[in-house]
$ cat target22.csv   # CSV, C-alpha atoms and all ligand atoms
chain,number,residue,atom,x,y,z
A,1,MET,CA,16.6,19.4,14.7
A,2,ALA,CA,13.0,19.3,15.9
A,3,GLN,CA,12.0,16.3,17.9
A,4,ARG,CA,10.2,13.6,15.8
A,5,ILE,CA,6.5,13.3,16.6
A,6,PHE,CA,4.0,10.5,16.0
A,7,ASN,CA,3.1,10.7,12.3
A,8,PHE,CA,-0.2,9.0,11.5
A,9,SER,CA,-0.1,10.2,7.8
A,10,ALA,CA,-1.7,7.9,5.2
A,11,GLY,CA,1.1,8.5,2.9
A,12,PRO,CA,3.9,9.4,2.3
A,13,ALA,CA,4.2,7.9,5.8
A,14,VAL,CA,6.5,7.3,8.6
A,15,LEU,CA,9.7,5.3,7.9
A,16,PRO,CA,11.8,3.4,10.4
A,17,VAL,CA,14.4,5.6,12.1
A,18,PRO,CA,17.4,3.3,11.3
A,19,VAL,CA,16.4,3.5,7.6
A,20,LEU,CA,16.5,7.3,7.7
A,21,GLU,CA,19.8,7.3,9.5
A,22,GLU,CA,21.4,5.0,7.0
A,23,ALA,CA,20.0,7.0,4.1
A,24,ARG,CA,21.3,10.1,5.6
A,25,GLU,CA,24.8,8.6,5.8
A,26,ALA,CA,24.6,7.5,2.2
A,27,LEU,CA,23.7,11.0,0.9
A,28,LEU,CA,27.3,12.2,1.1
A,29,SER,CA,29.0,8.9,0.3
A,30,PHE,CA,27.4,5.6,-0.6
A,31,GLY,CA,29.6,3.0,1.2
A,32,ASN,CA,33.2,3.9,0.5
A,33,THR,CA,32.5,5.2,-3.1
A,34,GLY,CA,33.0,8.9,-2.2
A,35,ILE,CA,29.8,9.5,-4.3
A,36,GLY,CA,26.4,10.1,-2.7
A,37,ILE,CA,23.6,7.7,-3.4
A,38,LEU,CA,21.7,10.5,-5.2
A,39,GLU,CA,24.7,11.0,-7.5
A,40,HIS,CA,25.4,7.5,-8.7
A,41,SER,CA,24.7,6.5,-12.3
A,42,HIS,CA,21.9,4.0,-12.6
A,43,ARG,CA,24.3,2.1,-15.0
A,44,GLY,CA,27.2,2.0,-12.6
A,45,LYS,CA,28.3,-1.0,-10.5
A,46,ALA,CA,27.2,0.5,-7.2
A,47,PHE,CA,23.6,1.1,-8.2
A,48,ILE,CA,23.3,-2.2,-10.1
A,49,LYS,CA,24.3,-3.8,-6.8
A,50,VAL,CA,21.5,-1.9,-5.0
A,51,LEU,CA,19.0,-3.2,-7.6
A,52,GLU,CA,20.2,-6.8,-7.2
A,53,ASP,CA,20.1,-6.5,-3.4
A,54,VAL,CA,16.5,-5.1,-3.3
A,55,ASP,CA,15.4,-7.8,-5.8
A,56,ALA,CA,17.0,-10.5,-3.6
A,57,ARG,CA,15.4,-9.1,-0.4
A,58,PHE,CA,11.9,-9.1,-2.0
A,59,ARG,CA,12.3,-12.7,-3.1
A,60,GLU,CA,13.6,-13.8,0.3
A,61,LEU,CA,10.9,-12.0,2.3
A,62,ALA,CA,7.9,-13.1,0.3
A,63,ASN,CA,9.3,-16.3,-1.2
A,64,ILE,CA,8.7,-15.0,-4.7
A,65,PRO,CA,9.0,-17.8,-7.3
A,66,SER,CA,11.6,-17.5,-10.1
A,67,ASN,CA,8.9,-17.1,-12.8
A,68,TYR,CA,8.0,-13.6,-11.5
A,69,LYS,CA,9.9,-10.4,-12.2
A,70,ILE,CA,10.0,-7.5,-9.8
A,71,LEU,CA,9.9,-4.2,-11.6
A,72,PHE,CA,10.6,-0.7,-10.2
A,73,LEU,CA,8.6,1.8,-12.1
A,74,GLY,CA,7.7,5.5,-11.9
A,75,GLY,CA,4.2,7.0,-12.3
A,76,GLY,CA,2.7,5.9,-9.0
A,77,ALA,CA,0.2,3.2,-8.4
A,78,SER,CA,-2.3,5.3,-10.4
A,79,THR,CA,-0.2,4.5,-13.6
A,80,GLN,CA,-0.9,0.9,-12.9
A,81,PHE,CA,-4.7,1.6,-13.1
A,82,TYR,CA,-4.2,2.0,-16.9
A,83,GLN,CA,-0.9,0.1,-17.5
A,84,VAL,CA,-2.6,-3.1,-16.4
A,85,PRO,CA,-5.5,-3.0,-18.8
A,86,MET,CA,-3.4,-1.4,-21.6
A,87,ASN,CA,-1.2,-4.5,-21.5
A,88,LEU,CA,-3.7,-7.2,-20.6
A,89,LEU,CA,-7.2,-6.2,-21.8
A,90,THR,CA,-8.4,-6.0,-25.3
A,91,LYS,CA,-11.7,-4.5,-26.6
A,92,ALA,CA,-13.1,-8.0,-27.0
A,93,ASP,CA,-12.3,-9.0,-23.5
A,94,THR,CA,-13.9,-8.4,-20.0
A,95,ALA,CA,-11.9,-7.7,-16.9
A,96,ASP,CA,-13.5,-8.2,-13.5
A,97,TYR,CA,-13.2,-5.6,-10.7
A,98,LEU,CA,-14.1,-5.8,-7.1
A,99,ILE,CA,-15.2,-2.3,-6.0
A,100,THR,CA,-14.3,-1.8,-2.4
A,101,GLY,CA,-13.2,1.8,-2.4
A,102,SER,CA,-12.3,4.9,-4.5
A,103,TRP,CA,-9.0,3.5,-5.7
A,104,ALA,CA,-10.6,0.4,-7.0
A,105,GLU,CA,-13.3,2.5,-8.6
A,106,LYS,CA,-10.6,4.7,-10.3
A,107,ALA,CA,-8.8,1.5,-11.5
A,108,SER,CA,-12.0,0.2,-13.0
A,109,LYS,CA,-12.8,3.5,-14.8
A,110,ASP,CA,-9.4,3.4,-16.5
A,111,ALA,CA,-9.9,-0.2,-17.5
A,112,LYS,CA,-13.0,0.8,-19.4
A,113,ARG,CA,-10.9,2.7,-21.8
A,114,PHE,CA,-9.4,-0.5,-23.0
A,115,GLY,CA,-12.1,-3.2,-22.8
A,116,LYS,CA,-15.2,-4.3,-21.0
A,117,VAL,CA,-15.4,-4.2,-17.3
A,118,HIS,CA,-17.6,-6.4,-15.1
A,119,ILE,CA,-18.2,-5.2,-11.6
A,120,THR,CA,-18.2,-8.4,-9.5
A,121,CYS,CA,-19.3,-6.7,-6.2
A,122,SER,CA,-19.4,-3.3,-4.6
A,123,SER,CA,-19.7,-1.9,-1.1
A,124,ALA,CA,-20.6,1.6,-2.4
A,125,ASP,CA,-24.1,1.2,-0.9
A,126,ARG,CA,-22.6,1.7,2.6
A,127,ASN,CA,-19.8,4.2,1.8
A,128,PHE,CA,-17.3,1.3,1.3
A,129,SER,CA,-17.4,0.5,5.0
A,130,TYR,CA,-17.2,-3.3,4.4
A,131,ILE,CA,-15.7,-6.0,2.2
A,132,PRO,CA,-18.5,-7.8,0.4
A,133,ASP,CA,-18.9,-11.6,1.0
A,134,THR,CA,-20.3,-12.4,-2.4
A,135,VAL,CA,-18.4,-11.9,-5.6
A,136,ALA,CA,-20.0,-12.7,-9.0
A,137,TYR,CA,-17.4,-13.3,-11.6
A,138,SER,CA,-18.1,-13.0,-15.4
A,139,GLU,CA,-17.9,-15.9,-17.8
A,140,ALA,CA,-14.2,-15.8,-18.7
A,141,PRO,CA,-12.5,-12.7,-17.5
A,142,ALA,CA,-9.1,-11.6,-18.8
A,143,TYR,CA,-8.2,-11.0,-15.2
A,144,VAL,CA,-9.6,-10.2,-11.8
A,145,HIS,CA,-8.5,-6.9,-10.1
A,146,TYR,CA,-9.0,-6.0,-6.4
A,147,THR,CA,-7.5,-3.6,-3.8
A,148,SER,CA,-6.3,-5.5,-0.7
A,149,ASN,CA,-6.5,-2.5,1.6
A,150,ASN,CA,-8.8,0.5,1.2
A,151,THR,CA,-6.7,3.3,2.5
A,152,LEU,CA,-9.5,5.9,2.7
A,153,PHE,CA,-12.2,3.7,4.2
A,154,GLY,CA,-10.1,1.6,6.6
A,155,THR,CA,-11.2,-1.8,5.3
A,156,GLN,CA,-9.0,-4.8,4.3
A,157,PHE,CA,-9.5,-8.2,2.7
A,158,LYS,CA,-8.6,-10.8,5.4
A,159,ALA,CA,-7.8,-13.3,2.6
A,160,PRO,CA,-7.5,-12.9,-1.1
A,161,PRO,CA,-10.6,-13.5,-3.2
A,162,THR,CA,-10.8,-16.7,-5.3
A,163,PRO,CA,-11.2,-16.0,-9.0
A,164,PRO,CA,-12.2,-18.8,-11.4
A,165,ALA,CA,-9.4,-21.3,-12.0
A,166,GLY,CA,-6.8,-20.1,-14.4
A,167,VAL,CA,-7.8,-16.5,-14.3
A,168,PRO,CA,-4.9,-14.2,-13.3
A,169,MET,CA,-5.5,-12.2,-10.1
A,170,ILE,CA,-4.2,-8.7,-10.0
A,171,CYS,CA,-3.9,-6.8,-6.8
A,172,ASP,CA,-3.3,-3.1,-5.8
A,173,MET,CA,-1.4,-3.7,-2.5
A,174,SER,CA,-0.3,0.0,-2.2
A,175,SER,CA,-1.4,0.4,1.4
A,176,ASP,CA,-0.7,-3.0,2.9
A,177,MET,CA,2.1,-4.7,1.0
A,178,PHE,CA,4.2,-6.7,3.4
A,179,CYS,CA,2.0,-5.9,6.4
A,180,ARG,CA,1.6,-9.7,6.6
A,181,PRO,CA,2.8,-12.7,4.7
A,182,VAL,CA,1.7,-12.9,1.0
A,183,ASP,CA,1.5,-16.0,-1.2
A,184,VAL,CA,2.7,-14.4,-4.5
A,185,SER,CA,2.0,-17.6,-6.4
A,186,LYS,CA,-1.7,-16.8,-6.2
A,187,TYR,CA,-1.3,-13.7,-8.2
A,188,GLY,CA,-0.6,-12.8,-11.8
A,189,LEU,CA,0.5,-9.3,-10.9
A,190,ILE,CA,0.8,-7.3,-7.7
A,191,TYR,CA,1.5,-3.5,-7.7
A,192,ALA,CA,2.2,-1.1,-4.9
A,193,GLY,CA,3.1,2.6,-4.7
A,194,ALA,CA,6.0,2.5,-2.1
A,195,GLN,CA,5.1,5.5,-0.1
A,196,LYS,CA,3.0,3.8,2.6
A,197,ASN,CA,4.6,0.6,3.7
A,198,LEU,CA,7.7,0.1,1.5
A,199,GLY,CA,9.6,3.4,1.3
A,200,PRO,CA,9.5,6.9,-0.1
A,201,ALA,CA,7.2,8.2,-2.9
A,202,GLY,CA,8.5,7.9,-6.5
A,203,VAL,CA,8.7,4.2,-7.1
A,204,THR,CA,6.0,1.7,-7.8
A,205,VAL,CA,6.8,-2.0,-7.3
A,206,VAL,CA,5.3,-4.4,-9.8
A,207,ILE,CA,5.6,-8.1,-9.2
A,208,ILE,CA,4.5,-9.9,-12.4
A,209,ARG,CA,4.4,-13.5,-13.6
A,210,ASP,CA,6.4,-14.2,-16.8
A,211,ASP,CA,3.4,-15.4,-18.9
A,212,LEU,CA,1.6,-12.0,-18.3
A,213,ILE,CA,4.7,-10.2,-19.4
A,214,ALA,CA,4.8,-12.3,-22.6
A,215,ARG,CA,1.0,-11.8,-23.1
A,216,GLY,CA,1.2,-8.0,-22.9
A,217,ALA,CA,0.2,-5.8,-25.8
A,218,VAL,CA,3.0,-5.0,-28.3
A,219,ASP,CA,1.3,-2.1,-30.1
A,220,ILE,CA,1.7,0.3,-27.2
A,221,PRO,CA,4.6,2.7,-26.3
A,222,ALA,CA,7.7,0.9,-25.1
A,223,MET,CA,7.7,2.6,-21.7
A,224,LEU,CA,4.2,1.2,-21.0
A,225,GLN,CA,5.0,-2.4,-21.9
A,226,TYR,CA,6.0,-4.5,-18.9
A,227,ARG,CA,8.4,-6.5,-21.1
A,228,THR,CA,10.5,-3.4,-21.7
A,229,HIS,CA,11.2,-3.1,-18.0
A,230,ALA,CA,11.5,-6.8,-17.4
A,231,GLU,CA,14.0,-7.2,-20.3
A,232,ASN,CA,16.1,-4.2,-19.0
A,233,ASP,CA,16.0,-5.0,-15.3
A,234,SER,CA,14.1,-1.8,-14.6
A,235,CYS,CA,16.8,0.3,-16.3
A,236,TYR,CA,15.3,0.9,-19.7
A,237,ASN,CA,15.3,4.5,-18.7
A,238,THR,CA,16.5,6.2,-15.5
A,239,PRO,CA,14.6,4.5,-12.6
A,240,PRO,CA,13.7,6.3,-9.3
A,241,CYS,CA,17.1,5.4,-7.9
A,242,PHE,CA,17.0,6.9,-4.5
A,243,SER,CA,13.5,5.6,-3.8
A,244,ILE,CA,14.6,2.1,-4.8
A,245,TYR,CA,17.6,2.3,-2.5
A,246,VAL,CA,15.4,3.3,0.5
A,247,VAL,CA,12.9,0.5,-0.3
A,248,GLY,CA,16.0,-1.8,0.0
A,249,LEU,CA,16.7,-0.4,3.4
A,250,VAL,CA,13.1,-0.8,4.5
A,251,LEU,CA,13.2,-4.5,3.4
A,252,LYS,CA,16.4,-5.0,5.4
A,253,TRP,CA,14.6,-3.5,8.4
A,254,ILE,CA,11.7,-5.8,8.0
A,255,GLN,CA,14.1,-8.8,7.8
A,256,ALA,CA,15.7,-7.6,11.0
A,257,GLN,CA,12.3,-7.4,12.7
A,258,GLY,CA,11.8,-11.1,11.9
A,259,GLY,CA,10.1,-10.9,8.5
A,260,LEU,CA,6.5,-10.8,7.4
A,261,ALA,CA,5.0,-13.1,10.0
A,262,ALA,CA,6.6,-10.8,12.7
A,263,MET,CA,5.3,-7.7,10.9
A,264,GLU,CA,1.8,-9.3,11.0
A,265,ALA,CA,2.0,-10.0,14.7
A,266,ARG,CA,3.2,-6.5,15.4
A,267,ASN,CA,0.5,-5.0,13.3
A,268,GLU,CA,-2.2,-7.1,14.9
A,269,ALA,CA,-1.1,-6.0,18.3
A,270,LYS,CA,-1.1,-2.3,17.4
A,271,ALA,CA,-4.4,-2.4,15.5
A,272,GLY,CA,-5.9,-4.7,18.2
A,273,GLN,CA,-5.1,-2.1,20.9
A,274,LEU,CA,-6.7,0.7,18.9
A,275,TYR,CA,-9.8,-1.2,18.0
A,276,ALA,CA,-10.3,-2.4,21.5
A,277,ALA,CA,-10.1,1.2,22.7
A,278,LEU,CA,-12.7,2.2,20.1
A,279,ASP,CA,-15.0,-0.7,21.0
A,280,ASN,CA,-14.9,0.3,24.6
A,281,SER,CA,-15.4,4.0,24.0
A,282,LYS,CA,-18.8,5.7,24.2
A,283,LEU,CA,-17.5,8.7,22.3
A,284,PHE,CA,-15.5,7.3,19.4
A,285,LYS,CA,-16.9,4.8,16.9
A,286,PRO,CA,-15.0,2.8,14.3
A,287,THR,CA,-16.5,3.3,10.8
A,288,ALA,CA,-15.5,-0.1,9.2
A,289,ALA,CA,-17.5,-3.2,9.7
A,290,LYS,CA,-15.9,-5.4,12.4
A,291,THR,CA,-15.0,-8.3,10.0
A,292,SER,CA,-13.4,-5.9,7.5
A,293,ARG,CA,-11.2,-3.8,9.7
A,294,SER,CA,-7.9,-2.7,8.3
A,295,LEU,CA,-4.6,-3.4,10.2
A,296,MET,CA,-3.2,-0.3,8.5
A,297,ASN,CA,-5.7,2.5,8.4
A,298,VAL,CA,-8.1,2.8,11.4
A,299,THR,CA,-11.0,5.1,10.7
A,300,PHE,CA,-13.3,6.5,13.4
A,301,VAL,CA,-15.7,9.3,14.2
A,302,THR,CA,-17.4,10.9,17.1
A,303,GLY,CA,-20.5,11.6,15.0
A,304,ASN,CA,-20.0,15.4,15.5
A,305,GLU,CA,-17.7,17.1,13.0
A,306,GLU,CA,-16.9,19.9,15.4
A,307,LEU,CA,-15.8,17.4,18.1
A,308,ASP,CA,-13.8,15.5,15.5
A,309,ASN,CA,-11.8,18.6,14.6
A,310,LYS,CA,-11.4,19.4,18.3
A,311,PHE,CA,-9.9,15.9,18.9
A,312,VAL,CA,-7.5,16.2,15.9
A,313,ALA,CA,-6.3,19.5,17.4
A,314,PHE,CA,-6.1,18.0,20.9
A,315,ALA,CA,-4.0,15.1,19.6
A,316,LYS,CA,-1.8,17.5,17.6
A,317,GLU,CA,-1.0,19.4,20.8
A,318,ARG,CA,0.2,16.1,22.3
A,319,GLY,CA,2.6,15.4,19.4
A,320,MET,CA,0.3,13.4,17.1
A,321,ASP,CA,-0.1,14.5,13.5
A,322,GLY,CA,-1.9,13.3,10.4
A,323,LEU,CA,-5.1,12.1,12.2
A,324,LYS,CA,-7.7,14.0,10.1
A,325,GLY,CA,-9.8,11.5,8.2
A,326,HIS,CA,-10.2,11.7,4.4
A,327,ARG,CA,-13.0,13.9,3.4
A,328,SER,CA,-15.0,10.9,2.0
A,329,VAL,CA,-15.3,9.4,5.5
A,330,GLY,CA,-14.7,12.4,7.8
A,331,GLY,CA,-13.7,12.0,11.4
A,332,MET,CA,-10.3,10.6,12.1
A,333,ARG,CA,-7.9,8.1,10.4
A,334,ALA,CA,-4.9,6.7,12.2
A,335,SER,CA,-2.6,5.1,9.6
A,336,ILE,CA,-0.4,2.7,11.5
A,337,TYR,CA,1.8,1.1,8.9
A,338,ASN,CA,4.7,-1.3,9.6
A,339,ALA,CA,7.0,1.4,10.6
A,340,PHE,CA,4.6,3.1,13.0
A,341,PRO,CA,5.8,2.6,16.6
A,342,SER,CA,3.5,0.9,19.2
A,343,ASP,CA,4.2,3.7,21.7
A,344,GLY,CA,2.4,6.0,19.1
A,345,VAL,CA,-0.7,3.8,19.4
A,346,GLU,CA,-0.4,3.9,23.1
A,347,ALA,CA,-0.2,7.7,23.0
A,348,LEU,CA,-3.3,7.9,20.8
A,349,VAL,CA,-5.3,5.6,23.0
A,350,GLY,CA,-4.3,7.7,26.0
A,351,ALA,CA,-5.3,10.9,24.3
A,352,MET,CA,-8.7,9.4,23.3
A,353,ALA,CA,-9.4,8.5,26.9
A,354,GLU,CA,-8.3,11.9,28.2
A,355,PHE,CA,-10.5,13.6,25.5
A,356,GLU,CA,-13.5,11.4,26.3
A,357,ALA,CA,-13.2,12.2,30.0
A,358,ALA,CA,-13.2,15.9,29.2
A,359,ASN,CA,-16.0,15.6,26.6
A,360,PRO,CA,-18.3,12.9,28.0
A,361,PRO,CA,-21.1,11.9,25.5
A,362,ALA,CA,-24.6,13.1,26.5
B,401,LIG,C1,-4.8,1.6,-2.4
B,401,LIG,C2,-4.2,2.7,-3.2
B,401,LIG,N1,-4.1,2.6,-4.5
B,401,LIG,C3,-3.6,3.6,-5.3
B,401,LIG,C4,-3.2,4.8,-4.7
B,401,LIG,C5,-2.6,5.8,-5.6
B,401,LIG,O1,-1.2,5.8,-5.5
B,401,LIG,P1,-0.3,6.9,-6.2
B,401,LIG,O2,-0.5,8.2,-5.5
B,401,LIG,O3,1.1,6.3,-6.0
B,401,LIG,O4,-0.7,6.9,-7.6
B,401,LIG,C6,-3.2,5.0,-3.3
B,401,LIG,C7,-2.8,6.2,-2.7
B,401,LIG,O5,-3.1,6.6,-1.6
B,401,LIG,C8,-3.8,3.9,-2.5
B,401,LIG,O6,-3.9,4.0,-1.2
$ encode --input "target22.csv" --output "structure tokens" --more "lines below"
Ligand SMILES: Cc1ncc(COP(=O)(O)O)c(C=O)c1O
Amino acid sequence: MAQRIFNFSAGPAVLPVPVLEEAREALLSFGNTGIGILEHSHRGKAFIKVLEDVDARFRELANIPSNYKILFLGGGASTQFYQVPMNLLTKADTADYLITGSWAEKASKDAKRFGKVHITCSSADRNFSYIPDTVAYSEAPAYVHYTSNNTLFGTQFKAPPTPPAGVPMICDMSSDMFCRPVDVSKYGLIYAGAQKNLGPAGVTVVIIRDDLIARGAVDIPAMLQYRTHAENDSCYNTPPCFSIYVVGLVLKWIQAQGGLAAMEARNEAKAGQLYAALDNSKLFKPTAAKTSRSLMNVTFVTGNEELDNKFVAFAKERGMDGLKGHRSVGGMRASIYNAFPSDGVEALVGAMAEFEAANPPA
């Protein structure tokens, strides 16, 4: 097998090695069942136990109150862009969206198919390089939607926004779920595609409060009603079994690291080291405003596209992959999710210094 390298991919992204090792074992026989994890029926005892276990780990890690259901759905986070308004927005209502990046923009565009959308704030004027301070809510929104971490632009809310009292807050946490403690009771609904911080692609986790399940539209296809999945413990149809199983292993790994507060401390140390190197560099510049910097996706440029490409190739030669920035920002993006090792950050900081010494700015 080729040696594993430092994978800075924005997603699907690096997973903890012990998780991969345990999953590898389970491929041929899950526990002592003699049947591989990919081959178990979703209605059988073994898989139902997996579902119960992953549900319990979510609840324990984030202290999720009993009036919330945890659903494991297909369709990616992008399905939530329309499933949320399809269930919770009517033509007569307005939903409020905070526009801090392309994913938030996409979510708001889908919502317009179902009702009115009020844009409470936007950082589009500076290519989404900051999280706006001022948010102007509409009179009585059906809900408020925001994206906690903007994967492409390397910005992150330091704290959740504060919607008007009684208005459900909905959050796309796809790229920073469980990078730090989260107070689920502040939210009506949280969703996250698993493939960045929670596990493999294929499953989207939805944490939804009971009253929003009950309030959801009934005149839409069964598969798109949250109540269908809540009433059937995510087994109305065949769920993404393997992805759910691996999410359970990732949660077990997070617990073994000390839980969400420990994850936050690790992430702050890793991101802190990288931002400090960027702040001290004369060649590399971070693109996100200082107060909005993401712990998960660190975006930076040299200001010269050719030099950016040269650095990406330079890092690749030294065992670092996935550093090319998204085309909407350019430059580099180092995605350093929970499972990304700190020695990978050290390797990157070292490569940056070496590259800068060889390419001193004029
Ligand atoms: C914040 C955010 N939301 C939504 C998505 C879309 O997720 P999916 O590909 O699972 O539909 C992504 C993917 O990168 C993302 O980073």
$ residues_near_ligand --input "target22.csv" --ligand "ligand LIG 401 (chain B)" --cutoff "7 Å" --atoms "all atoms listed in the file" --output "ChimeraX atom specification"
/A:11,75-79,103,147,149-151,172-175,193,204
$ residues_around --input "target22.csv" --residues "Phe58 (chain A)" --least-positions-apart "3" --cutoff "12 Å" --atoms "all atoms listed in the file" --output "ChimeraX atom specification"
/A:51-55,61-66,68-72,177-178,181-182,184,198,205-207,244,247-252,254-255,259-260
$ residues_around --input "target22.csv" --residues "Ala261 (chain A)" --least-positions-apart "4" --cutoff "9 Å" --atoms "all atoms listed in the file" --output "list in words"
Cys179, Arg180, Pro181, Ala265 and Arg266 of chain A
$ atom_distance --input "target22.csv" --atom1 "CA of Asn338 (chain A)" --atom2 "CA of Gly322 (chain A)"
16.0 Å
$ atom_distance --input "target22.csv" --atom1 "CA of Thr100 (chain A)" --atom2 "CA of Ala136 (chain A)"
14.0 Å
$ closest_residue --input "target22.csv" --among "A:Cys121, A:Leu283, A:Ala56, A:Ala95" --to "Ala107 (chain A)" --atoms "all atoms listed in the file"
A:Ala95
$ residues_around --input "target22.csv" --residues "Gly199 (chain A)" --least-positions-apart "4" --cutoff "7 Å" --atoms "all atoms listed in the file" --output "PyMOL selection string"
chain A and resi 15+194-195+243+246-247+250
$ residues_near_point --input "target22.csv" --point "(27.6, 4.2, -1.9)" --cutoff "12 Å" --atoms "all atoms listed in the file" --output "list in words"
Glu22, Ala23, Arg24, Glu25, Ala26, Leu27, Leu28, Ser29, Phe30, Gly31, Asn32, Thr33, Gly34, Ile35, Gly36, Ile37, Leu38, Glu39, His40, Ser41, Gly44, Lys45, Ala46, Phe47, Ile48, Lys49, Val50, Phe242 and Tyr245 of chain A
$ closest_residue --input "target22.csv" --among "A:Ile208, A:Val329, A:Ala362, A:Val218" --to "Ala230 (chain A)" --atoms "all atoms listed in the file"
A:Ile208
$ atom_distance --input "target22.csv" --atom1 "CA of Lys91 (chain A)" --atom2 "CA of Leu189 (chain A)"
20.5 Å
$ closest_residue --input "target22.csv" --among "A:Gly325, A:Gly272, A:Pro360, A:Pro85" --to "Ser9 (chain A)" --atoms "all atoms listed in the file"
A:Gly325
$ closest_residue --input "target22.csv" --among "A:Thr228, A:Thr162, A:Gln83, A:Asn304" --to "Thr120 (chain A)" --atoms "all atoms listed in the file"
A:Thr162
$ residues_near_point --input "target22.csv" --point "(-16.7, 2.6, 14.6)" --cutoff "10 Å" --atoms "all atoms listed in the file" --output "count of residues only"
20
$ closest_residue --input "target22.csv" --among "A:Lys196, A:Lys316, A:Lys158, A:Lys116" --to "Tyr143 (chain A)" --atoms "only C-alpha atoms"
A:Lys116
$ closest_residue --input "target22.csv" --among "A:Phe81, A:Phe114, A:Tyr130, A:Phe314" --to "Phe157 (chain A)" --atoms "all atoms listed in the file"
A:Tyr130
$ decode --input "target22.csv" --residues "region 231-248 of chain A" --atoms "N, CA and C atoms" --output "PDB file, in the first residue's frame"
ATOM      1  N   GLU A 231     -40.537   9.188  12.001  1.00  0.00           N
ATOM      2  CA  GLU A 231     -41.439   8.115  12.455  1.00  0.00           C
ATOM      3  C   GLU A 231     -40.856   6.734  12.183  1.00  0.00           C
ATOM      4  N   ASN A 232     -39.935   6.650  11.242  1.00  0.00           N
ATOM      5  CA  ASN A 232     -39.378   5.346  10.859  1.00  0.00           C
ATOM      6  C   ASN A 232     -37.909   5.190  11.245  1.00  0.00           C
ATOM      7  N   ASP A 233     -37.459   6.010  12.190  1.00  0.00           N
ATOM      8  CA  ASP A 233     -36.066   5.934  12.671  1.00  0.00           C
ATOM      9  C   ASP A 233     -35.059   5.837  11.519  1.00  0.00           C
ATOM     10  N   SER A 234     -35.234   6.700  10.534  1.00  0.00           N
ATOM     11  CA  SER A 234     -34.350   6.793   9.353  1.00  0.00           C
ATOM     12  C   SER A 234     -34.339   5.522   8.503  1.00  0.00           C
ATOM     13  N   CYS A 235     -35.325   4.643   8.704  1.00  0.00           N
ATOM     14  CA  CYS A 235     -35.379   3.414   7.901  1.00  0.00           C
ATOM     15  C   CYS A 235     -36.689   3.296   7.114  1.00  0.00           C
ATOM     16  N   TYR A 236     -37.240   4.424   6.698  1.00  0.00           N
ATOM     17  CA  TYR A 236     -38.430   4.380   5.818  1.00  0.00           C
ATOM     18  C   TYR A 236     -38.046   3.691   4.516  1.00  0.00           C
ATOM     19  N   ASN A 237     -36.873   4.091   4.013  1.00  0.00           N
ATOM     20  CA  ASN A 237     -36.287   3.377   2.871  1.00  0.00           C
ATOM     21  C   ASN A 237     -34.887   2.937   3.311  1.00  0.00           C
ATOM     22  N   THR A 238     -34.116   2.398   2.388  1.00  0.00           N
ATOM     23  CA  THR A 238     -32.781   1.927   2.759  1.00  0.00           C
ATOM     24  C   THR A 238     -31.875   3.129   3.005  1.00  0.00           C
ATOM     25  N   PRO A 239     -31.399   3.310   4.211  1.00  0.00           N
ATOM     26  CA  PRO A 239     -30.523   4.472   4.469  1.00  0.00           C
ATOM     27  C   PRO A 239     -29.092   4.191   3.995  1.00  0.00           C
ATOM     28  N   PRO A 240     -28.239   5.204   3.933  1.00  0.00           N
ATOM     29  CA  PRO A 240     -26.837   4.980   3.558  1.00  0.00           C
ATOM     30  C   PRO A 240     -26.097   4.277   4.701  1.00  0.00           C
ATOM     31  N   CYS A 241     -26.277   2.959   4.769  1.00  0.00           N
ATOM     32  CA  CYS A 241     -25.866   2.167   5.942  1.00  0.00           C
ATOM     33  C   CYS A 241     -24.373   2.299   6.268  1.00  0.00           C
ATOM     34  N   PHE A 242     -23.552   2.120   5.249  1.00  0.00           N
ATOM     35  CA  PHE A 242     -22.108   2.119   5.527  1.00  0.00           C
ATOM     36  C   PHE A 242     -21.654   3.490   6.031  1.00  0.00           C
ATOM     37  N   SER A 243     -22.149   4.538   5.393  1.00  0.00           N
ATOM     38  CA  SER A 243     -21.748   5.892   5.818  1.00  0.00           C
ATOM     39  C   SER A 243     -22.170   6.150   7.265  1.00  0.00           C
ATOM     40  N   ILE A 244     -23.359   5.690   7.608  1.00  0.00           N
ATOM     41  CA  ILE A 244     -23.854   5.881   8.984  1.00  0.00           C
ATOM     42  C   ILE A 244     -22.937   5.132   9.962  1.00  0.00           C
ATOM     43  N   TYR A 245     -22.571   3.923   9.575  1.00  0.00           N
ATOM     44  CA  TYR A 245     -21.680   3.123  10.428  1.00  0.00           C
ATOM     45  C   TYR A 245     -20.358   3.865  10.666  1.00  0.00           C
ATOM     46  N   VAL A 246     -19.794   4.427   9.586  1.00  0.00           N
ATOM     47  CA  VAL A 246     -18.499   5.110   9.740  1.00  0.00           C
ATOM     48  C   VAL A 246     -18.670   6.405  10.560  1.00  0.00           C
ATOM     49  N   VAL A 247     -19.789   7.093  10.401  1.00  0.00           N
ATOM     50  CA  VAL A 247     -20.037   8.275  11.248  1.00  0.00           C
ATOM     51  C   VAL A 247     -19.984   7.847  12.725  1.00  0.00           C
ATOM     52  N   GLY A 248     -20.565   6.700  13.024  1.00  0.00           N
ATOM     53  CA  GLY A 248     -20.523   6.188  14.409  1.00  0.00           C
ATOM     54  C   GLY A 248     -19.084   5.995  14.885  1.00  0.00           C
TER      55      GLY A 248
END
